[in-house]
Amino acid sequence: MATKFGRLRWAAMLTIALAPLTGSDEASAEDVNVRTRPVTITATKNPITTFEYPGSVTVIDQQEIDERIPSTIDDVIEGVPNTTSAGGPRRNGESPIIRGFSNQDVIVLLDGTRQNFNSAHDGRFFLDPSLLKQVEVVRGAGSALYGSGGLGGVMEVRTKDASDYLAPGESFGANVFFGAQSVNGEISPGITLFGAPSENLDLVGSFIYRDSGDIELGNGAELDADDDIISGMAKATFTEGPHSLEGAWIRYDASAIEPNNAQTDTDTDFADKDILSQTWRATYGYSDPDNDWVNLDATVYFTQFEVDEERLDGPDEGEDLKRDVDTYGLRFDNRSKVEIDTENSILFTYGIDAFRDVQDGDADGGDREGVPDADSNSIGIFLQSEVNVAAPFGMPGDFLIIPGVRFDYYDASSDLSDKNVDTAVSPKIGVSYLPTDWLMFYGSYAHAFSAPNINDLYLTGVHFEIPLGPPFGTVVNRFVPNPDLKPQRTKTIEAGAGFQFEDVLAEGDDLHAKGGWFLTYGKDFISRTVDQPALFVDCNPAIPGDCDGTTIIDNVNRAKLDGVEVEAGYENDFMIFDFAYSHINGIDRDTGDTLGLLQPDTWALHAAAKLGFMDTQIGWRTIIAEKFEDTGDPSADRDGYTLHDIYAIWRPSFEPIRGLSLSAGIDNLFDEAYTRVWTGAYEAGRDYKGWISYTLAW
């Protein structure tokens with residue numbers, strides 16, 4: 001007799017196997033009545049339902065991505081508890097925030113490859129959302145599996161395969177699409193070719209073009225923006241028995257005219273930017289159902305980010321700026337299963353991963369201030385076990401116990417200062433208890449760390465200037481490198497519960513909810529310390545250099561963050577209702593000041609009607625954010641806001657137009673004027689969106 005967790009695990013594997021048939025952009029109304037329960041792979045590196053996982057994780061599948069008619073990744077993650085983007089409405093400034101952490105404190109993965117580009121005022125990574133089939137957001141400490149950066153969590157995006165388009169009996173096909181939206185005049189044509197010329201070969205290639213202009217804001221103004229983007233993907237997968245080999249190349253090539261800092265609404269300091277992001281990946285896998293000891297995945301990859309800018313105005317007009325970040329990485333992990341008896345088993349997952357980041361900054365052929373030439377290396381080994389225990393000590397139900405630990409070594413070096421070397425150990429344990437098939441409780445405890453990045457360690461150049469005029473001149477404050485920075489470290493406790501029912505109000509329906517509370521203690525948080533002498537008090541401006549100051553990046557804060565996250569939903573053959581709520585607090589334990597990229601209490605609602613007789617789904621999404629005054633800086637306070645989006649999708653199931661998909665929607669229906677926290681510009685106003693797609697397969 002299998003345990004409850006064993007049955008859930010088999011259901012998870014079946015969901016993944018059926019996903020290409022039920023979750024694609026081309027699925028018709030007759031293909032799916034009720035969505036399958038979501039399965040996460042990122043949370044444990046193995047398929048597990050989000051319900052049984054001892055923590056908070058959200059899986060956004062192809063159907064949900066299509067409903068949003070996304071233009072950017074931010075459109076996809078909207079409404080995920082304690083998850084948002086900083087940077088304003090420009091796509092080049094968007095950077096994910098999870099549980100108050102951002103930048104290098106959040107791990108971003110693209111098909112398992114790390115995306116390590118990190119800039120103060122640019123986006124975190126660049127990818128066209130039309131390539132996506134799934135997004136996972138694992139909230140909470142992620143270092144036990146993924147190493148540095150796992151303070152806030154892990155966000156992994158996965159791209160499509162040919163199997164996501166092909167139905168049984170089909171071998172080749174093409175998908176052509178065209179999208180448009182009014183708020184920035186964007187158009188987005190594209191084509192995907194796919195095929196499975198044999199049972200063991202999967203081929204897919206995509207090309208997408210996006211062109212957009214200035215963004216109409218909710219306050220009636222326009223935000224200068226001009227994007228011209230070409231994206232593409234080529235992927236091939238070959239399988240032979242238990243062996244598989246996959247090669248992939250993804251490219252994002254964009255030009256934009258916008259401020260040097262893409263996250264502001266300034267009308268000065270404009271630059272002509274060229275942005276290039278490329279990822280090459282090769283993955284070998286071995287999976288044999290009859291072999292409990294070897295189930296491996298090995299990946300090597302190279303990621304290239306380039307941002308080249310020409311200043312278009314100001315005193316440095318014509319200056320050419322360059323920032324290049326290259327990442328070389330490898331990852332190897334294996335799974336071994338030990339069957340204790342018919343009801344109890346242990347799944348071990350263990351491996352090694354390593355990556356090297358190399359940054360090059362250039363300004364008119366010389367060194368670029370604020371972008372040091374530097375490199376860093378990281379290598380980690382990890383071990384995790386998933387222990388299924390049925391009815392221990394006579395208790396009803398089953399336990400899933402997931403302990404894990406990882407050891408990391410990392411170093412960073414630059415000609416600007418001394419080398420930085422350190423190690424980290426990141427343990428974690430999570431426990432889920434299912435006393436019945438429909439009820440679960442969970443708890444976890446985990447350590448996480450984020451190594452100081454090369455910009456924090458080796459930052460040089462001018463921070464700010466104070467012009468005083470004759471006879472005093474200008475006071476200058478300069479950055480000072482600090483190679484002695486320690487990693488940021490956290491300890492997190494989580495606890496929660498959930499339930500799930502079937503056949504509640506109608507046959508085949510699904511009702512579920514899961515929520516939890518978390519408490520995070522952090523130390524050695526990285527912050528800027530500004531030492532600027534008081535003019536005419538601590539120094540004499542008449543003496544050249546006497547009033548100059550310094551800014552150093554240092555470890556100064558001890559933090560405490562706590563919050564609540566809830567997700568729930570109900571679905572039957574005729575309707576969908578989803579609900580999410582998030583709350584977070586953060587304080588500096590030394591000063592009592594607020595700390596972290598906090599967000600207001602937020603509710604997310606989604607209701608949809610499934611009109612099967614018309615092959616149509618009509619939906620309404622609402623985001624309600626409370627007034628926010630927890631910044632410690634009155635200029636950063638934000639009023640509350642309520643957003644409404646509507647959409648409709650028609651996928652005819654009859655010939656000869658089966659394979660057609662028409663989507664239309666209006667975001668920010670009532671043209672709300674609002675700004676999000678940690679953003680220097682108003683967000684986009686009312687946006688009329690449309691998407692038409694047609695797939696022909698044979």
# chains A, B, ... in the order shown; residues from 1 in each chain; ligands from 1
$ residues_around --residues "Pro89 (chain A)" --least-positions-apart "6" --cutoff "8 Å" --atoms "only C-alpha atoms" --output "PyMOL selection string"
chain A and resi 215+681-684
$ select_by_dssp --residues "region 286-382 of chain A" --states "strand (DSSP E)" --output "CSV table (one decimal) with N, CA and C atoms, in the first residue's frame"
chain,number,residue,atom,x,y,z
A,286,TYR,N,20.0,11.0,-17.4
A,286,TYR,CA,19.8,9.6,-17.4
A,286,TYR,C,18.7,9.2,-16.4
A,287,SER,N,17.7,8.5,-16.9
A,287,SER,CA,16.5,8.2,-16.1
A,287,SER,C,16.0,6.8,-16.5
A,295,ASN,N,19.7,8.5,-11.3
A,295,ASN,CA,18.8,9.4,-12.0
A,295,ASN,C,19.4,10.8,-12.0
A,296,LEU,N,20.2,11.0,-13.1
A,296,LEU,CA,21.0,12.2,-13.0
A,296,LEU,C,20.7,13.3,-14.0
A,297,ASP,N,21.1,14.4,-13.7
A,297,ASP,CA,21.0,15.6,-14.6
A,297,ASP,C,22.3,16.4,-14.6
A,298,ALA,N,22.9,16.6,-15.7
A,298,ALA,CA,24.2,17.3,-15.8
A,298,ALA,C,24.1,18.4,-16.8
A,299,THR,N,24.4,19.6,-16.4
A,299,THR,CA,24.2,20.8,-17.3
A,299,THR,C,25.5,21.6,-17.3
A,300,VAL,N,25.9,22.1,-18.5
A,300,VAL,CA,26.9,23.1,-18.6
A,300,VAL,C,26.3,24.3,-19.4
A,301,TYR,N,26.7,25.5,-19.0
A,301,TYR,CA,26.0,26.7,-19.6
A,301,TYR,C,26.9,27.9,-19.6
A,302,PHE,N,26.6,28.8,-20.5
A,302,PHE,CA,27.3,30.1,-20.6
A,302,PHE,C,26.3,31.2,-20.8
A,303,THR,N,26.3,32.2,-20.0
A,303,THR,CA,25.3,33.3,-20.1
A,303,THR,C,26.1,34.6,-20.3
A,304,GLN,N,25.6,35.4,-21.3
A,304,GLN,CA,26.3,36.6,-21.6
A,304,GLN,C,25.3,37.8,-21.5
A,305,PHE,N,25.7,38.8,-20.8
A,305,PHE,CA,24.9,40.0,-20.7
A,305,PHE,C,25.8,41.2,-21.1
A,306,GLU,N,25.3,42.0,-22.0
A,306,GLU,CA,26.0,43.2,-22.4
A,306,GLU,C,25.0,44.4,-22.5
A,307,VAL,N,25.4,45.5,-21.8
A,307,VAL,CA,24.6,46.7,-21.9
A,307,VAL,C,25.6,47.8,-22.3
A,308,ASP,N,25.4,48.3,-23.6
A,308,ASP,CA,26.2,49.4,-24.1
A,308,ASP,C,25.3,50.6,-24.2
A,309,GLU,N,25.9,51.8,-23.8
A,309,GLU,CA,25.1,53.0,-23.7
A,309,GLU,C,25.9,54.2,-24.3
A,310,GLU,N,25.2,55.0,-25.1
A,310,GLU,CA,25.7,56.3,-25.5
A,310,GLU,C,24.9,57.4,-24.9
A,311,ARG,N,25.5,58.3,-24.1
A,311,ARG,CA,24.8,59.4,-23.4
A,311,ARG,C,24.3,60.4,-24.5
A,320,ASP,N,30.5,56.9,-24.2
A,320,ASP,CA,30.1,55.5,-24.5
A,320,ASP,C,30.4,54.7,-23.2
A,321,LEU,N,29.4,54.1,-22.7
A,321,LEU,CA,29.5,53.3,-21.5
A,321,LEU,C,29.2,51.8,-21.8
A,322,LYS,N,29.9,50.9,-21.1
A,322,LYS,CA,29.8,49.5,-21.4
A,322,LYS,C,29.8,48.7,-20.1
A,323,ARG,N,28.9,47.7,-19.9
A,323,ARG,CA,28.9,46.8,-18.8
A,323,ARG,C,28.7,45.4,-19.4
A,324,ASP,N,29.7,44.5,-19.2
A,324,ASP,CA,29.6,43.1,-19.7
A,324,ASP,C,29.7,42.2,-18.5
A,325,VAL,N,28.8,41.2,-18.4
A,325,VAL,CA,28.8,40.2,-17.3
A,325,VAL,C,28.7,38.8,-18.0
A,326,ASP,N,29.7,38.0,-17.9
A,326,ASP,CA,29.7,36.7,-18.5
A,326,ASP,C,29.6,35.7,-17.3
A,327,THR,N,28.8,34.6,-17.4
A,327,THR,CA,28.7,33.6,-16.4
A,327,THR,C,29.0,32.2,-17.1
A,328,TYR,N,29.9,31.5,-16.5
A,328,TYR,CA,30.2,30.1,-16.9
A,328,TYR,C,29.8,29.2,-15.8
A,329,GLY,N,29.0,28.2,-16.1
A,329,GLY,CA,28.4,27.4,-15.0
A,329,GLY,C,28.3,25.9,-15.4
A,330,LEU,N,28.3,25.1,-14.4
A,330,LEU,CA,28.0,23.7,-14.5
A,330,LEU,C,27.2,23.2,-13.3
A,331,ARG,N,26.4,22.2,-13.5
A,331,ARG,CA,25.6,21.7,-12.5
A,331,ARG,C,25.4,20.2,-12.7
A,332,PHE,N,25.6,19.4,-11.6
A,332,PHE,CA,25.5,17.9,-11.7
A,332,PHE,C,24.7,17.5,-10.5
A,333,ASP,N,23.6,16.8,-10.6
A,333,ASP,CA,22.9,16.3,-9.5
A,333,ASP,C,22.3,14.9,-9.9
A,334,ASN,N,22.2,14.1,-8.8
A,334,ASN,CA,21.7,12.7,-9.0
A,334,ASN,C,20.7,12.4,-7.9
A,335,ARG,N,19.9,11.4,-8.2
A,335,ARG,CA,18.9,10.9,-7.2
A,335,ARG,C,19.0,9.4,-7.0
A,336,SER,N,19.0,9.0,-5.8
A,336,SER,CA,19.0,7.6,-5.4
A,336,SER,C,17.9,7.3,-4.4
A,337,LYS,N,17.2,6.3,-4.7
A,337,LYS,CA,16.0,5.9,-3.9
A,337,LYS,C,16.2,4.7,-3.1
A,338,VAL,N,15.9,4.7,-1.9
A,338,VAL,CA,16.0,3.5,-1.0
A,338,VAL,C,14.6,3.1,-0.5
A,339,GLU,N,14.2,1.9,-0.9
A,339,GLU,CA,12.9,1.4,-0.4
A,339,GLU,C,13.1,0.7,0.9
A,345,SER,N,10.1,5.1,2.3
A,345,SER,CA,11.2,5.2,1.4
A,345,SER,C,12.0,6.5,1.6
A,346,ILE,N,13.2,6.5,1.1
A,346,ILE,CA,14.0,7.7,1.2
A,346,ILE,C,14.5,8.0,-0.2
A,347,LEU,N,14.4,9.3,-0.7
A,347,LEU,CA,14.9,9.7,-1.9
A,347,LEU,C,16.0,10.7,-1.6
A,348,PHE,N,17.3,10.3,-2.0
A,348,PHE,CA,18.4,11.2,-1.8
A,348,PHE,C,18.7,12.0,-3.1
A,349,THR,N,18.9,13.3,-3.0
A,349,THR,CA,19.3,14.1,-4.1
A,349,THR,C,20.6,14.8,-3.7
A,350,TYR,N,21.6,14.7,-4.5
A,350,TYR,CA,22.9,15.2,-4.1
A,350,TYR,C,23.6,15.7,-5.4
A,351,GLY,N,24.6,16.6,-5.2
A,351,GLY,CA,25.3,17.0,-6.4
A,351,GLY,C,26.2,18.2,-6.1
A,352,ILE,N,26.7,18.8,-7.2
A,352,ILE,CA,27.6,19.9,-7.2
A,352,ILE,C,27.3,20.9,-8.2
A,353,ASP,N,27.4,22.1,-8.0
A,353,ASP,CA,27.3,23.1,-9.0
A,353,ASP,C,28.3,24.2,-8.8
A,354,ALA,N,28.7,24.8,-9.9
A,354,ALA,CA,29.8,25.9,-9.8
A,354,ALA,C,29.5,26.9,-10.9
A,355,PHE,N,29.9,28.1,-10.6
A,355,PHE,CA,29.8,29.2,-11.7
A,355,PHE,C,30.9,30.2,-11.5
A,356,ARG,N,31.2,30.9,-12.5
A,356,ARG,CA,32.2,32.0,-12.5
A,356,ARG,C,31.6,33.2,-13.2
A,357,ASP,N,31.6,34.3,-12.6
A,357,ASP,CA,31.1,35.6,-13.1
A,357,ASP,C,32.3,36.5,-13.5
A,358,VAL,N,32.3,37.1,-14.6
A,358,VAL,CA,33.4,38.0,-15.0
A,358,VAL,C,32.7,39.3,-15.5
A,359,GLN,N,33.1,40.4,-14.9
A,359,GLN,CA,32.5,41.7,-15.3
A,359,GLN,C,33.6,42.6,-15.8
A,360,ASP,N,33.2,43.3,-16.9
A,360,ASP,CA,34.1,44.3,-17.5
A,360,ASP,C,33.3,45.6,-17.7
A,361,GLY,N,33.8,46.7,-17.1
A,361,GLY,CA,33.2,48.0,-17.3
A,361,GLY,C,34.1,48.9,-18.1
A,362,ASP,N,33.5,49.7,-19.0
A,362,ASP,CA,34.3,50.6,-19.8
A,362,ASP,C,33.6,51.9,-20.1
A,363,ALA,N,34.3,53.0,-20.1
A,363,ALA,CA,33.8,54.3,-20.4
A,363,ALA,C,34.8,55.0,-21.3
A,374,ALA,N,36.1,42.9,-12.5
A,374,ALA,CA,36.3,42.0,-11.4
A,374,ALA,C,35.7,40.6,-11.8
A,375,ASP,N,36.1,39.6,-11.0
A,375,ASP,CA,35.5,38.3,-11.3
A,375,ASP,C,35.2,37.6,-10.0
A,376,SER,N,34.3,36.6,-10.0
A,376,SER,CA,34.0,35.8,-8.8
A,376,SER,C,33.8,34.4,-9.2
A,377,ASN,N,34.1,33.5,-8.2
A,377,ASN,CA,33.9,32.1,-8.4
A,377,ASN,C,33.2,31.5,-7.2
A,378,SER,N,32.3,30.5,-7.5
A,378,SER,CA,31.5,29.9,-6.5
A,378,SER,C,31.4,28.4,-6.8
A,379,ILE,N,31.6,27.5,-5.8
A,379,ILE,CA,31.4,26.1,-6.0
A,379,ILE,C,30.7,25.6,-4.7
A,380,GLY,N,29.7,24.7,-4.9
A,380,GLY,CA,28.9,24.2,-3.8
A,380,GLY,C,28.6,22.7,-4.0
A,381,ILE,N,28.5,22.0,-2.9
A,381,ILE,CA,28.1,20.6,-2.9
A,381,ILE,C,26.9,20.5,-1.9
A,382,PHE,N,25.9,19.7,-2.3
A,382,PHE,CA,24.7,19.6,-1.5
A,382,PHE,C,24.1,18.2,-1.4
$ atom_distance --atom1 "CA of Pro54 (chain A)" --atom2 "CA of Ser444 (chain A)"
6.7 Å
$ residues_around --residues "region 491-496 of chain A" --least-positions-apart "2" --cutoff "6 Å" --atoms "only C-alpha atoms" --output "PyMOL selection string"
chain A and resi 441-447+515-521
$ write_last_selection --atoms "C-alpha atoms" --output "CSV table (one decimal), in the first residue's frame"
chain,number,residue,atom,x,y,z
A,441,PHE,CA,0.4,20.9,8.3
A,442,TYR,CA,4.0,21.9,7.7
A,443,GLY,CA,7.0,23.5,9.3
A,444,SER,CA,10.6,24.3,8.3
A,445,TYR,CA,13.8,25.9,9.5
A,446,ALA,CA,16.6,27.0,7.1
A,447,HIS,CA,19.8,29.0,6.9
A,515,GLY,CA,-1.2,29.5,4.0
A,516,GLY,CA,1.7,30.1,6.2
A,517,TRP,CA,3.7,32.4,8.5
A,518,PHE,CA,7.4,33.1,8.3
A,519,LEU,CA,10.0,34.7,10.6
A,520,THR,CA,13.4,35.6,9.3
A,521,TYR,CA,16.4,36.9,11.4
$ residues_around --residues "Gly247 (chain A)" --least-positions-apart "5" --cutoff "7 Å" --atoms "only C-alpha atoms" --output "ChimeraX atom specification"
/A:235-237,281-283
$ select_by_dssp --residues "region 141-351 of chain A" --states "alpha helix (DSSP H)" --output "list of chain:residue names"
A:Ser143, A:Ala144, A:Leu145, A:Tyr146
$ write_last_selection --atoms "C-alpha atoms" --output "mmCIF file, in the first residue's frame"
data_model
loop_
_atom_site.group_PDB
_atom_site.id
_atom_site.type_symbol
_atom_site.label_atom_id
_atom_site.label_comp_id
_atom_site.auth_asym_id
_atom_site.auth_seq_id
_atom_site.Cartn_x
_atom_site.Cartn_y
_atom_site.Cartn_z
ATOM 1 C CA SER A 143 20.555 28.294 -0.210
ATOM 2 C CA ALA A 144 20.428 24.651 0.941
ATOM 3 C CA LEU A 145 19.916 23.629 -2.698
ATOM 4 C CA TYR A 146 21.006 26.637 -4.737
#
$ residues_around --residues "Ala636 (chain A)" --least-positions-apart "3" --cutoff "12 Å" --atoms "only C-alpha atoms" --output "list in words"
Thr594, Leu597, Leu598, Gln599, Lys627, Phe628, Glu629, Asp630, Thr631, Gly632, Asp633, Asp639, Thr675, Arg676, Val677, Trp678, Thr679, Gly680 and Ala681 of chain A
$ closest_residue --among "A:Asp593, A:Asp111, A:Asp437, A:Asp74" --to "Leu561 (chain A)" --atoms "only C-alpha atoms"
A:Asp593
$ closest_residue --among "A:Val138, A:Leu132, A:Leu201, A:Leu151" --to "Asp164 (chain A)" --atoms "only C-alpha atoms"
A:Leu132
$ atom_distance --atom1 "CA of Asp588 (chain A)" --atom2 "CA of Val80 (chain A)"
25.6 Å
$ atom_distance --atom1 "CA of Ile402 (chain A)" --atom2 "CA of Val389 (chain A)"
11.2 Å
$ residues_around --residues "Gly173 (chain A)" --least-positions-apart "6" --cutoff "10 Å" --atoms "only C-alpha atoms" --output "short mmCIF file (atom, residue, chain, number, x, y, z; two decimals) with C-alpha atoms, in the first residue's frame"
data_model
loop_
_atom_site.label_atom_id
_atom_site.label_comp_id
_atom_site.auth_asym_id
_atom_site.auth_seq_id
_atom_site.Cartn_x
_atom_site.Cartn_y
_atom_site.Cartn_z
CA ALA A 162 7.93 20.86 -29.32
CA TYR A 165 2.52 22.04 -29.23
CA LEU A 166 2.17 18.53 -30.66
CA THR A 192 7.53 29.12 -33.71
CA LEU A 193 8.47 26.05 -35.74
CA PHE A 194 8.45 22.68 -34.02
CA GLY A 195 8.77 19.04 -34.85
CA ALA A 196 9.35 15.49 -33.66
CA VAL A 204 11.68 23.84 -31.55
CA THR A 695 -1.14 26.54 -34.82
CA LEU A 696 -1.04 24.14 -37.73
CA ALA A 697 0.34 20.68 -36.97
CA TRP A 698 0.42 17.45 -38.91
#
$ residues_around --residues "Asp288 (chain A)" --least-positions-apart "3" --cutoff "12 Å" --atoms "only C-alpha atoms" --output "PDB file with N, CA and C atoms, in the first residue's frame"
ATOM      1  N   GLU A 240      17.412   8.447 -26.139  1.00  0.00           N
ATOM      2  CA  GLU A 240      17.686   7.083 -26.576  1.00  0.00           C
ATOM      3  C   GLU A 240      17.683   6.203 -25.343  1.00  0.00           C
ATOM      4  N   GLY A 241      16.598   5.458 -25.151  1.00  0.00           N
ATOM      5  CA  GLY A 241      16.474   4.659 -23.943  1.00  0.00           C
ATOM      6  C   GLY A 241      16.439   5.557 -22.729  1.00  0.00           C
ATOM      7  N   PRO A 242      17.277   5.268 -21.725  1.00  0.00           N
ATOM      8  CA  PRO A 242      17.279   6.105 -20.519  1.00  0.00           C
ATOM      9  C   PRO A 242      18.083   7.392 -20.668  1.00  0.00           C
ATOM     10  N   HIS A 243      18.761   7.551 -21.826  1.00  0.00           N
ATOM     11  CA  HIS A 243      19.638   8.700 -22.023  1.00  0.00           C
ATOM     12  C   HIS A 243      18.893   9.838 -22.733  1.00  0.00           C
ATOM     13  N   SER A 244      19.245  11.067 -22.380  1.00  0.00           N
ATOM     14  CA  SER A 244      18.719  12.233 -23.087  1.00  0.00           C
ATOM     15  C   SER A 244      19.805  13.289 -23.183  1.00  0.00           C
ATOM     16  N   GLY A 285      20.878  13.834 -19.432  1.00  0.00           N
ATOM     17  CA  GLY A 285      20.097  13.205 -18.391  1.00  0.00           C
ATOM     18  C   GLY A 285      20.079  11.696 -18.533  1.00  0.00           C
ATOM     19  N   ASN A 291      16.145   1.549 -12.374  1.00  0.00           N
ATOM     20  CA  ASN A 291      17.386   1.853 -11.655  1.00  0.00           C
ATOM     21  C   ASN A 291      17.077   2.861 -10.564  1.00  0.00           C
ATOM     22  N   ASP A 292      17.103   2.405  -9.324  1.00  0.00           N
ATOM     23  CA  ASP A 292      16.796   3.294  -8.199  1.00  0.00           C
ATOM     24  C   ASP A 292      17.992   4.130  -7.760  1.00  0.00           C
ATOM     25  N   TRP A 293      19.179   3.848  -8.291  1.00  0.00           N
ATOM     26  CA  TRP A 293      20.374   4.493  -7.781  1.00  0.00           C
ATOM     27  C   TRP A 293      20.879   5.634  -8.652  1.00  0.00           C
ATOM     28  N   VAL A 294      20.589   5.573  -9.941  1.00  0.00           N
ATOM     29  CA  VAL A 294      21.089   6.602 -10.846  1.00  0.00           C
ATOM     30  C   VAL A 294      19.925   7.256 -11.573  1.00  0.00           C
ATOM     31  N   ASN A 295      19.731   8.533 -11.316  1.00  0.00           N
ATOM     32  CA  ASN A 295      18.759   9.366 -12.028  1.00  0.00           C
ATOM     33  C   ASN A 295      19.369  10.765 -12.044  1.00  0.00           C
ATOM     34  N   LEU A 296      20.169  11.018 -13.063  1.00  0.00           N
ATOM     35  CA  LEU A 296      21.019  12.210 -12.993  1.00  0.00           C
ATOM     36  C   LEU A 296      20.665  13.261 -14.038  1.00  0.00           C
ATOM     37  N   ARG A 335      19.892  11.370  -8.178  1.00  0.00           N
ATOM     38  CA  ARG A 335      18.886  10.920  -7.232  1.00  0.00           C
ATOM     39  C   ARG A 335      19.036   9.427  -7.024  1.00  0.00           C
ATOM     40  N   SER A 336      18.991   9.018  -5.763  1.00  0.00           N
ATOM     41  CA  SER A 336      19.045   7.599  -5.407  1.00  0.00           C
ATOM     42  C   SER A 336      17.917   7.311  -4.432  1.00  0.00           C
TER      43      SER A 336
END
$ closest_atom_pairs --of "region 427-501 of chain A" --to "region 534-553 of chain A" --cutoff "6 Å" --atoms "only C-alpha atoms" --output "CSV"
residue,atom,partner,partner_atom,distance
A:Phe472,CA,A:Ala542,CA,5.0
A:Val475,CA,A:Asp548,CA,5.3
A:Val476,CA,A:Asp548,CA,5.0
A:Asn477,CA,A:Gly549,CA,4.4
A:Arg478,CA,A:Thr550,CA,4.8
A:Phe479,CA,A:Thr551,CA,4.7
A:Val480,CA,A:Ile552,CA,5.2
$ closest_residue --among "A:Val566, A:Ala559, A:Val405, A:Ile187" --to "Gly592 (chain A)" --atoms "only C-alpha atoms"
A:Ala559
$ closest_residue --among "A:Leu511, A:Ala391, A:Ile526, A:Leu595" --to "Asp456 (chain A)" --atoms "only C-alpha atoms"
A:Ile526
